[in-house]
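K.L.:
Mind having a look at this structure? Questions to follow.
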Amino acid sequence: MDSQSQTHHHELDSVMGTTTRIPRLLSVEGFPEWKYRIEKYIKMKDFKIWRSIIKDPVRITTTVAGQVVDKKIENYTDEDFEKIEEQERALATLTMALSPDIAQGFREYTSAKALWEALIEVYEGNEDMKESRQDMLRQRFNMFNYVPRETLEAQLQRFTSLTTEITVVGIFYTKSEINKKLLNALPKS
């Protein structure tokens with residue numbers, strides 16, 4: 001394998017992730033795929049971390065004179081420290097999965113759940129933005145066609161990427177509709 005090919009594979013591993021390398025979010029366009037991959041990666045590595053991302057942060061408390069108050073760190077038990085460590089691992093895992101440029105905009109978040117929700121809000125948007133994205137993808141699907149001098153392999157890859165993107169945002173076409181669209185877009189030759 002030449003050095004250019006190795007560099008390409010290294011970059012692809014960095015974005016896609018491997019069993020030993022966390023997937024990285026490098027751009028807005030890559031968010032849907034990254035969201036899917038990071039969830040699978042975290043669940044594979046340690047499901048407790050995923051739980052920390054989807055649950056509210058644990059508050060370490062004690063009861064003093066009948067009132068619940070935050071426990072002083074010097075009074076933490078080993079179990080208390082384990083809960084905090086799990087939350088910190090979850091936040092660190094998500095933070096490390098972001099490119100430095102993206103991470104910089106999310107430094108204010110101190111819990112994994114808050115960071116996860118902020119990423120979803122920023123990159124998936126509100127209902128109007130989601131609807132607009134769906135409309136754009138429907139239009140791209142309807143207008144999908146053969147590009148002159150494009151190889152069949154490249155066209156199939158482009159179509160597969162589009163249909164995957166469509167499914168990720170919650171648009172569902174029947175197999176018949178998808179097949180018909182692809183067949184109508186094939187070159188006449």
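We name chains A, B, ... following the order of the structure tokens; residues begin at 1 in each chain, and ligands are numbered from 1 as shown.
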Enumerate the residues of stretch 39-164 of chain A with a DSSP assignment of strand (DSSP E or B), computed from the backbone, and present them as number ranges by chain.

P.N.:
A: 61-64, 67-70, 98

K.L.:
Let's see if you can do this: from backbone DSSP, list all helix (DSSP H, G or I) residues in stretch 126-186 of chain A, as a PyMOL selection string.

P.N.:
chain A and resi 127-143+152-168+175-185

K.L.:
Those residues you just picked out, can you put them in a file as a compact mmCIF listing (two decimals), in the first residue's frame with N, CA and C atoms?

P.N.:
# COMPACT_ATOMS: atom_id res chain seq x y z
N GLU A 127 -37.95 21.67 14.23
CA GLU A 127 -38.87 20.97 13.32
C GLU A 127 -38.91 21.63 11.93
N ASP A 128 -38.88 22.96 11.87
CA ASP A 128 -38.90 23.65 10.57
C ASP A 128 -37.66 23.29 9.74
N MET A 129 -36.49 23.25 10.41
CA MET A 129 -35.25 22.91 9.70
C MET A 129 -35.28 21.46 9.24
N LYS A 130 -35.80 20.57 10.08
CA LYS A 130 -35.89 19.16 9.69
C LYS A 130 -36.82 18.99 8.49
N GLU A 131 -37.94 19.70 8.52
CA GLU A 131 -38.89 19.62 7.40
C GLU A 131 -38.27 20.17 6.12
N SER A 132 -37.53 21.26 6.26
CA SER A 132 -36.86 21.84 5.10
C SER A 132 -35.82 20.88 4.53
N ARG A 133 -35.06 20.21 5.40
CA ARG A 133 -34.07 19.23 4.96
C ARG A 133 -34.75 18.06 4.25
N GLN A 134 -35.88 17.62 4.79
CA GLN A 134 -36.62 16.54 4.15
C GLN A 134 -37.10 16.96 2.76
N ASP A 135 -37.63 18.18 2.64
CA ASP A 135 -38.09 18.68 1.34
C ASP A 135 -36.94 18.71 0.33
N MET A 136 -35.78 19.17 0.79
CA MET A 136 -34.62 19.24 -0.10
C MET A 136 -34.21 17.84 -0.57
N LEU A 137 -34.23 16.87 0.35
CA LEU A 137 -33.86 15.50 -0.03
C LEU A 137 -34.89 14.87 -0.95
N ARG A 138 -36.17 15.14 -0.74
CA ARG A 138 -37.20 14.64 -1.66
C ARG A 138 -36.95 15.20 -3.06
N GLN A 139 -36.61 16.47 -3.13
CA GLN A 139 -36.34 17.10 -4.42
C GLN A 139 -35.12 16.47 -5.07
N ARG A 140 -34.05 16.24 -4.29
CA ARG A 140 -32.86 15.59 -4.85
C ARG A 140 -33.20 14.19 -5.35
N PHE A 141 -34.05 13.48 -4.64
CA PHE A 141 -34.46 12.14 -5.06
C PHE A 141 -35.23 12.22 -6.37
N ASN A 142 -36.19 13.14 -6.43
CA ASN A 142 -37.02 13.28 -7.64
C ASN A 142 -36.20 13.70 -8.86
N MET A 143 -35.14 14.46 -8.63
CA MET A 143 -34.34 14.97 -9.75
C MET A 143 -33.11 14.09 -10.03
N LEU A 152 -21.10 3.63 -13.91
CA LEU A 152 -22.25 3.01 -13.27
C LEU A 152 -22.00 2.84 -11.77
N GLU A 153 -20.79 2.47 -11.43
CA GLU A 153 -20.42 2.32 -10.02
C GLU A 153 -20.58 3.64 -9.25
N ALA A 154 -20.10 4.72 -9.85
CA ALA A 154 -20.21 6.03 -9.20
C ALA A 154 -21.68 6.45 -9.06
N GLN A 155 -22.48 6.18 -10.08
CA GLN A 155 -23.90 6.52 -10.02
C GLN A 155 -24.60 5.72 -8.93
N LEU A 156 -24.30 4.43 -8.83
CA LEU A 156 -24.91 3.60 -7.80
C LEU A 156 -24.49 4.06 -6.40
N GLN A 157 -23.24 4.45 -6.26
CA GLN A 157 -22.75 4.95 -4.97
C GLN A 157 -23.47 6.24 -4.59
N ARG A 158 -23.63 7.13 -5.55
CA ARG A 158 -24.33 8.39 -5.32
C ARG A 158 -25.79 8.13 -4.93
N PHE A 159 -26.42 7.19 -5.61
CA PHE A 159 -27.82 6.86 -5.34
C PHE A 159 -27.96 6.21 -3.96
N THR A 160 -27.06 5.30 -3.64
CA THR A 160 -27.09 4.65 -2.32
C THR A 160 -26.91 5.67 -1.21
N SER A 161 -25.98 6.59 -1.39
CA SER A 161 -25.77 7.65 -0.39
C SER A 161 -27.04 8.48 -0.21
N LEU A 162 -27.67 8.83 -1.31
CA LEU A 162 -28.90 9.63 -1.25
C LEU A 162 -30.02 8.87 -0.54
N THR A 163 -30.22 7.60 -0.89
CA THR A 163 -31.31 6.85 -0.25
C THR A 163 -31.03 6.61 1.24
N THR A 164 -29.78 6.45 1.60
CA THR A 164 -29.42 6.30 3.01
C THR A 164 -29.71 7.60 3.76
N GLU A 165 -29.31 8.72 3.17
CA GLU A 165 -29.56 10.03 3.77
C GLU A 165 -31.06 10.26 3.94
N ILE A 166 -31.84 9.87 2.95
CA ILE A 166 -33.29 10.02 3.00
C ILE A 166 -33.88 9.22 4.15
N THR A 167 -33.43 7.99 4.29
CA THR A 167 -33.93 7.13 5.36
C THR A 167 -33.56 7.68 6.74
N VAL A 168 -32.35 8.20 6.87
CA VAL A 168 -31.88 8.74 8.15
C VAL A 168 -32.77 9.88 8.63
N LYS A 175 -39.71 -0.04 -1.84
CA LYS A 175 -38.65 -0.64 -2.67
C LYS A 175 -38.95 -0.43 -4.14
N SER A 176 -40.22 -0.53 -4.49
CA SER A 176 -40.65 -0.34 -5.87
C SER A 176 -40.33 1.07 -6.36
N GLU A 177 -40.63 2.08 -5.53
CA GLU A 177 -40.35 3.47 -5.91
C GLU A 177 -38.84 3.70 -6.07
N ILE A 178 -38.06 3.13 -5.17
CA ILE A 178 -36.60 3.29 -5.23
C ILE A 178 -36.05 2.61 -6.48
N ASN A 179 -36.49 1.38 -6.73
CA ASN A 179 -36.02 0.66 -7.91
C ASN A 179 -36.40 1.38 -9.20
N LYS A 180 -37.64 1.86 -9.26
CA LYS A 180 -38.11 2.57 -10.45
C LYS A 180 -37.28 3.83 -10.69
N LYS A 181 -36.99 4.58 -9.62
CA LYS A 181 -36.20 5.81 -9.75
C LYS A 181 -34.81 5.48 -10.28
N LEU A 182 -34.19 4.44 -9.74
CA LEU A 182 -32.85 4.07 -10.18
C LEU A 182 -32.85 3.60 -11.63
N LEU A 183 -33.78 2.76 -11.97
CA LEU A 183 -33.85 2.25 -13.34
C LEU A 183 -34.09 3.38 -14.34
N ASN A 184 -34.94 4.33 -14.00
CA ASN A 184 -35.19 5.47 -14.90
C ASN A 184 -34.00 6.41 -15.01
N ALA A 185 -33.09 6.36 -14.02
CA ALA A 185 -31.93 7.24 -14.04
C ALA A 185 -30.72 6.61 -14.71

K.L.:
Suppose you want the space between atom CA of A:Arg24 and atom CA of A:Ser99; what is it in Å?

P.N.:
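These two atoms are separated by 6.4 Å.
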
K.L.:
Residues of stretch 65-151 of chain A that have any atom at most 8 Å from an atom of stretch 26-40 of chain A: could you tabulate them with the shortest-distance atom pair and the distance in Å to one decimal, using only C-alpha atoms, ordered by chain and increasing number, as CSV?

P.N.:
residue,atom,partner,partner_atom,distance
A:Ala97,CA,A:Ile38,CA,7.8
A:Leu98,CA,A:Leu26,CA,6.8
A:Ser99,CA,A:Leu26,CA,5.3
A:Ile102,CA,A:Leu26,CA,7.3
A:Tyr123,CA,A:Val28,CA,6.3

K.L.:
Of the residues A:Pro57, A:Gly66, A:Gly125, A:Pro148, which is the one nearest to A:Ser111, using only C-alpha atoms?

P.N.:
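Ranking A:Pro57, A:Gly66, A:Gly125, A:Pro148 by distance to A:Ser111, first place goes to A:Pro57.
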
K.L.:
Do you have the atom CA of A:Leu115-atom CA of A:Gln87 distance handy?

P.N.:
11.9 Å

K.L.:
Excluding A:Glu85 and any residue of its chain fewer than 4 positions from it, enumerate the residues within 12 Å of it, using only C-alpha atoms, and give them as a VMD selection string.

P.N.:
chain A and resid 48 to 49 52 57 to 58 78 to 81 89 to 93 111 to 112

K.L.:
What separation in Å, quoted to one decimal, exists between atom CA of A:Pro23 and atom CA of A:Phe106?

P.N.:
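Atom CA of A:Pro23 sits 17.5 Å away from atom CA of A:Phe106.
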